[in-house]
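Right, one structure below, let's go through it.
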Amino acid sequence: MALAEKLSVTYLDQSASVKARLDRLKSRSVILRVNALNKFFQSGRQTITALRNISFQTHRREFLCIIGPSGCGKSTLVRILAGLETQSDGEVLLDGRPVSGPGRERGMVFQGYTLFPWLTVKKNVMFGLRMNNIGRAEAAKQADEWLGLIGLSKFADVYPHQLSGGMKQRVAIIRALVNHPRVLLMDEPFSALDAQTRARMQAYLLEIWKKVDITIVFITHDLDEAIFLADRILVLSAHPGEIQELIQGPLARPRRPEQLNSEAFTAIKARLEELIHPPQDGPEEETYPAVPALSDIRDTVE
Ligand code: ADP
Ligand code: MG
């Protein structure tokens, strides 16, 4: 019997309070809307369809996770949302206006550490503010406030190479937030971190999200991470990336590590696994060549 069948809840069940919360969320204004988006890449004479017919919307202060197998177009999608890549068809609307090119209403955090190695932590944070024509003294003041918010005031004058991986990503997150973007786009930001640091960063990101008016679109291929963080999870299929299902998260907030052991968590994880790794036809063993019996080998050796 499959694990999901042994549970007393299905992935669609929600407690009354979680349902009420999600209903409230969906009644908030739409921040980002994607309509019938396609993306083709030309590779020699071949056309690769990276994304097909993608439509979804996120609401103010929503935490939306997008998951899908490697190569399904997650990074392409987030790069289009960021304005770093253009779609082949369809539209991306931010607060109802079409997106074209990068803009400061969209902050971005990538997997790799993207701090400038030649600038101190504080100057890294100030950089975006200065680019935005904020005077040096005001930028320094705001950088101090942000560093205080994430508990890194002590590290203001050190260089990125002196920080741990988790600290670097914390600085990268506030650097993306200083100009008060409407949306924070995150492409597998914690996947280079060890499991323990990663769990701490997830809790930490939720803390920041609570304090700042920000809508987050968070890409990951880690199912536990998506379930732990998201209000809703958009599941993409492989080659080409198409929307398979938009799943509402069943967990109450604030999120706690114990929820990872709940039946609701297990049920939704089983559903995501089914969508991302569909069961293969027939037993896998049959595809391997038969191993010769020991007696057969002995015959040829002796
Ligand atoms: P993911 O982030 O989900 O792993 P990507 O968005 O990086 O997937 O890639 C999706 C598909 O698009 C892949 O098949 C990839 O090879 C292809 N692709 C991505 N960028 C380009 C490009 N610049 N030129 C051609 N093909 C690309
Ligand atoms: Mg990617």
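Ordered as shown in the structure tokens, chains take letters A, B, and onward, while each chain numbers its residues from 1 and ligands are numbered from 1 in the order shown.
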
* Surrounding residues as an NGL selection string, ligand 1, max 12 Å, only C-alpha atoms and all ligand atoms -> :A and (38-52 or 66-80 or 84-87 or 110-111 or 186-188 or 218-221 or 235-242)

Save out the residues we just selected, C-alpha atoms, as a short mmCIF file (atom, residue, chain, number, x, y, z; two decimals), in the first residue's frame.
data_model
loop_
_atom_site.label_atom_id
_atom_site.label_comp_id
_atom_site.auth_asym_id
_atom_site.auth_seq_id
_atom_site.Cartn_x
_atom_site.Cartn_y
_atom_site.Cartn_z
CA ASN A 38 6.01 30.41 -23.76
CA LYS A 39 9.77 30.34 -24.08
CA PHE A 40 11.64 28.79 -27.01
CA PHE A 41 15.40 28.60 -27.41
CA GLN A 42 17.00 28.19 -30.79
CA SER A 43 19.84 25.70 -30.78
CA GLY A 44 21.25 25.44 -34.31
CA ARG A 45 18.27 24.38 -36.43
CA GLN A 46 16.47 22.91 -33.45
CA THR A 47 13.87 24.77 -31.41
CA ILE A 48 13.81 23.87 -27.72
CA THR A 49 10.55 24.59 -25.89
CA ALA A 50 11.68 25.50 -22.39
CA LEU A 51 8.34 26.75 -21.03
CA ARG A 52 4.85 26.17 -22.39
CA ILE A 66 7.97 26.85 -7.83
CA ILE A 67 9.31 23.31 -8.05
CA GLY A 68 10.08 20.94 -10.87
CA PRO A 69 12.76 18.53 -12.01
CA SER A 70 16.16 19.78 -13.10
CA GLY A 71 16.09 21.34 -16.56
CA CYS A 72 12.33 22.01 -16.54
CA GLY A 73 12.79 25.75 -17.02
CA LYS A 74 12.68 27.11 -13.46
CA SER A 75 15.69 29.39 -13.89
CA THR A 76 14.44 30.49 -17.30
CA LEU A 77 11.10 31.43 -15.75
CA VAL A 78 12.65 33.40 -12.91
CA ARG A 79 15.02 35.15 -15.31
CA ILE A 80 12.02 36.20 -17.40
CA LEU A 84 16.96 39.28 -17.63
CA GLU A 85 15.48 37.16 -20.40
CA THR A 86 12.51 37.81 -22.70
CA GLN A 87 9.62 35.45 -23.21
CA PHE A 110 20.67 33.46 -6.85
CA GLN A 111 22.27 30.24 -5.67
CA MET A 186 14.93 33.62 -5.39
CA ASP A 187 16.48 30.89 -7.55
CA GLU A 188 17.57 27.96 -5.37
CA PHE A 218 11.10 31.02 -4.49
CA ILE A 219 12.47 28.38 -6.84
CA THR A 220 13.66 25.09 -5.41
CA HIS A 221 13.86 21.43 -6.34
CA VAL A 235 4.60 22.31 -9.79
CA LEU A 236 6.20 22.23 -13.25
CA SER A 237 6.70 19.16 -15.41
CA ALA A 238 9.92 18.31 -17.26
CA HIS A 239 10.65 19.20 -20.91
CA PRO A 240 8.90 21.42 -21.65
CA GLY A 241 8.10 23.08 -18.34
CA GLU A 242 4.32 23.19 -18.04
#

Could you name the residues that touch stretch 137-148 of chain A at 10 Å or less, counting only C-alpha atoms, but leaving out those on the same chain fewer than 3 positions away, as a PDB file with N, CA and C atoms, in the first residue's frame?
ATOM      1  N   VAL A 121      30.934  44.176   3.696  1.00  0.00           N
ATOM      2  CA  VAL A 121      29.517  43.817   3.812  1.00  0.00           C
ATOM      3  C   VAL A 121      28.647  45.069   3.736  1.00  0.00           C
ATOM      4  N   LYS A 122      29.014  46.073   4.502  1.00  0.00           N
ATOM      5  CA  LYS A 122      28.190  47.284   4.522  1.00  0.00           C
ATOM      6  C   LYS A 122      28.175  47.969   3.153  1.00  0.00           C
ATOM      7  N   LYS A 123      29.337  48.000   2.503  1.00  0.00           N
ATOM      8  CA  LYS A 123      29.383  48.657   1.182  1.00  0.00           C
ATOM      9  C   LYS A 123      28.613  47.844   0.142  1.00  0.00           C
ATOM     10  N   ASN A 124      28.603  46.510   0.315  1.00  0.00           N
ATOM     11  CA  ASN A 124      27.764  45.699  -0.566  1.00  0.00           C
ATOM     12  C   ASN A 124      26.295  46.085  -0.426  1.00  0.00           C
ATOM     13  N   VAL A 125      25.880  46.303   0.833  1.00  0.00           N
ATOM     14  CA  VAL A 125      24.476  46.669   1.064  1.00  0.00           C
ATOM     15  C   VAL A 125      24.196  48.079   0.538  1.00  0.00           C
ATOM     16  N   MET A 126      25.200  48.963   0.717  1.00  0.00           N
ATOM     17  CA  MET A 126      25.026  50.353   0.256  1.00  0.00           C
ATOM     18  C   MET A 126      24.984  50.468  -1.267  1.00  0.00           C
ATOM     19  N   PHE A 127      25.611  49.491  -1.936  1.00  0.00           N
ATOM     20  CA  PHE A 127      25.786  49.599  -3.383  1.00  0.00           C
ATOM     21  C   PHE A 127      24.472  49.872  -4.129  1.00  0.00           C
ATOM     22  N   GLY A 128      23.464  49.052  -3.843  1.00  0.00           N
ATOM     23  CA  GLY A 128      22.181  49.206  -4.540  1.00  0.00           C
ATOM     24  C   GLY A 128      21.536  50.547  -4.237  1.00  0.00           C
ATOM     25  N   LEU A 129      21.690  50.990  -2.979  1.00  0.00           N
ATOM     26  CA  LEU A 129      21.103  52.276  -2.584  1.00  0.00           C
ATOM     27  C   LEU A 129      21.783  53.422  -3.317  1.00  0.00           C
ATOM     28  N   ARG A 130      23.117  53.330  -3.430  1.00  0.00           N
ATOM     29  CA  ARG A 130      23.871  54.391  -4.122  1.00  0.00           C
ATOM     30  C   ARG A 130      23.516  54.411  -5.608  1.00  0.00           C
ATOM     31  N   ASN A 132      20.847  53.821  -6.741  1.00  0.00           N
ATOM     32  CA  ASN A 132      19.507  54.372  -6.804  1.00  0.00           C
ATOM     33  C   ASN A 132      19.501  55.850  -6.398  1.00  0.00           C
ATOM     34  N   ASN A 133      20.680  56.432  -6.473  1.00  0.00           N
ATOM     35  CA  ASN A 133      20.854  57.869  -6.218  1.00  0.00           C
ATOM     36  C   ASN A 133      20.561  58.304  -4.790  1.00  0.00           C
ATOM     37  N   ILE A 134      20.751  57.417  -3.856  1.00  0.00           N
ATOM     38  CA  ILE A 134      20.606  57.804  -2.458  1.00  0.00           C
ATOM     39  C   ILE A 134      21.977  58.266  -1.972  1.00  0.00           C
ATOM     40  N   GLY A 151      20.907  40.906  12.190  1.00  0.00           N
ATOM     41  CA  GLY A 151      21.877  40.508  13.209  1.00  0.00           C
ATOM     42  C   GLY A 151      23.307  40.421  12.713  1.00  0.00           C
ATOM     43  N   LEU A 152      23.668  41.240  11.707  1.00  0.00           N
ATOM     44  CA  LEU A 152      25.038  41.178  11.190  1.00  0.00           C
ATOM     45  C   LEU A 152      25.790  42.507  11.372  1.00  0.00           C
ATOM     46  N   SER A 153      25.334  43.332  12.318  1.00  0.00           N
ATOM     47  CA  SER A 153      25.997  44.627  12.523  1.00  0.00           C
ATOM     48  C   SER A 153      27.491  44.466  12.787  1.00  0.00           C
ATOM     49  N   LYS A 154      27.833  43.433  13.528  1.00  0.00           N
ATOM     50  CA  LYS A 154      29.244  43.188  13.896  1.00  0.00           C
ATOM     51  C   LYS A 154      30.129  42.945  12.673  1.00  0.00           C
ATOM     52  N   PHE A 155      29.497  42.536  11.582  1.00  0.00           N
ATOM     53  CA  PHE A 155      30.275  42.136  10.408  1.00  0.00           C
ATOM     54  C   PHE A 155      30.266  43.206   9.306  1.00  0.00           C
ATOM     55  N   ALA A 156      29.811  44.413   9.657  1.00  0.00           N
ATOM     56  CA  ALA A 156      29.665  45.466   8.644  1.00  0.00           C
ATOM     57  C   ALA A 156      30.954  45.718   7.860  1.00  0.00           C
ATOM     58  N   ARG A 170      22.551  35.756   3.732  1.00  0.00           N
ATOM     59  CA  ARG A 170      21.748  36.725   4.486  1.00  0.00           C
ATOM     60  C   ARG A 170      22.013  38.131   3.955  1.00  0.00           C
ATOM     61  N   VAL A 171      23.295  38.433   3.685  1.00  0.00           N
ATOM     62  CA  VAL A 171      23.626  39.754   3.145  1.00  0.00           C
ATOM     63  C   VAL A 171      23.024  39.903   1.736  1.00  0.00           C
ATOM     64  N   ILE A 174      19.330  40.838   2.070  1.00  0.00           N
ATOM     65  CA  ILE A 174      19.000  42.244   2.373  1.00  0.00           C
ATOM     66  C   ILE A 174      19.468  43.168   1.254  1.00  0.00           C
ATOM     67  N   ARG A 175      20.550  42.790   0.585  1.00  0.00           N
ATOM     68  CA  ARG A 175      20.959  43.632  -0.540  1.00  0.00           C
ATOM     69  C   ARG A 175      19.850  43.681  -1.590  1.00  0.00           C
ATOM     70  N   LEU A 177      16.746  43.513  -0.818  1.00  0.00           N
ATOM     71  CA  LEU A 177      15.557  44.143  -0.227  1.00  0.00           C
ATOM     72  C   LEU A 177      15.684  45.646   0.007  1.00  0.00           C
ATOM     73  N   VAL A 178      16.913  46.177  -0.004  1.00  0.00           N
ATOM     74  CA  VAL A 178      17.092  47.570   0.425  1.00  0.00           C
ATOM     75  C   VAL A 178      16.307  48.591  -0.394  1.00  0.00           C
TER      76      VAL A 178
END

* Taking the backbone alone, and naming residues the way the document does, which bits of stretch 2-64 of chain A are helix (DSSP H, G or I) by DSSP, as a list in words? -> Leu3, Ala4, Glu5, Lys6, Ala16, Ser17, Val18, Lys19, Ala20, Arg21, Leu22, Asp23, Arg24, Leu25, Lys26 and Ser27 of chain A

I need the chosen residues saved as an mmCIF file, in the first residue's frame, with C-alpha atoms.
data_model
loop_
_atom_site.group_PDB
_atom_site.id
_atom_site.type_symbol
_atom_site.label_atom_id
_atom_site.label_comp_id
_atom_site.auth_asym_id
_atom_site.auth_seq_id
_atom_site.Cartn_x
_atom_site.Cartn_y
_atom_site.Cartn_z
ATOM 1 C CA LEU A 3 2.333 5.618 2.035
ATOM 2 C CA ALA A 4 -0.292 8.255 1.182
ATOM 3 C CA GLU A 5 -3.067 5.664 1.494
ATOM 4 C CA LYS A 6 -2.138 4.892 5.105
ATOM 5 C CA ALA A 16 -10.266 25.735 8.960
ATOM 6 C CA SER A 17 -7.618 28.258 10.012
ATOM 7 C CA VAL A 18 -5.269 27.417 7.128
ATOM 8 C CA LYS A 19 -8.152 27.638 4.668
ATOM 9 C CA ALA A 20 -9.241 30.999 6.095
ATOM 10 C CA ARG A 21 -5.680 32.285 5.844
ATOM 11 C CA LEU A 22 -5.327 31.229 2.205
ATOM 12 C CA ASP A 23 -8.724 32.701 1.351
ATOM 13 C CA ARG A 24 -7.599 36.010 2.848
ATOM 14 C CA LEU A 25 -4.340 35.802 0.922
ATOM 15 C CA LYS A 26 -6.143 35.262 -2.386
ATOM 16 C CA SER A 27 -8.394 38.234 -1.727
#

* Write out as a ChimeraX atom specification each polymer residue whose atoms come within 10 Å of A:Ile247, counting only C-alpha atoms; drop sequence neighbours fewer than 2 positions from it. => /A:11-12,65,227,230-235,244-245,249-250,268,271-272

* Asked: Just asking: which residues within stretch 22-93 of chain A are strand (DSSP E or B) according to DSSP, as an NGL selection string?
  -> :A and (30-43 or 46-59 or 63-67 or 89-93)

* Asked: From the set A:Leu275, A:Val99, A:Val183, A:Ala82, which residue has the shortest atom-to-atom contact distance to A:Val212, counting only C-alpha atoms?
  ->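 Answer, going by the shortest atom-to-atom distance: A:Val183.
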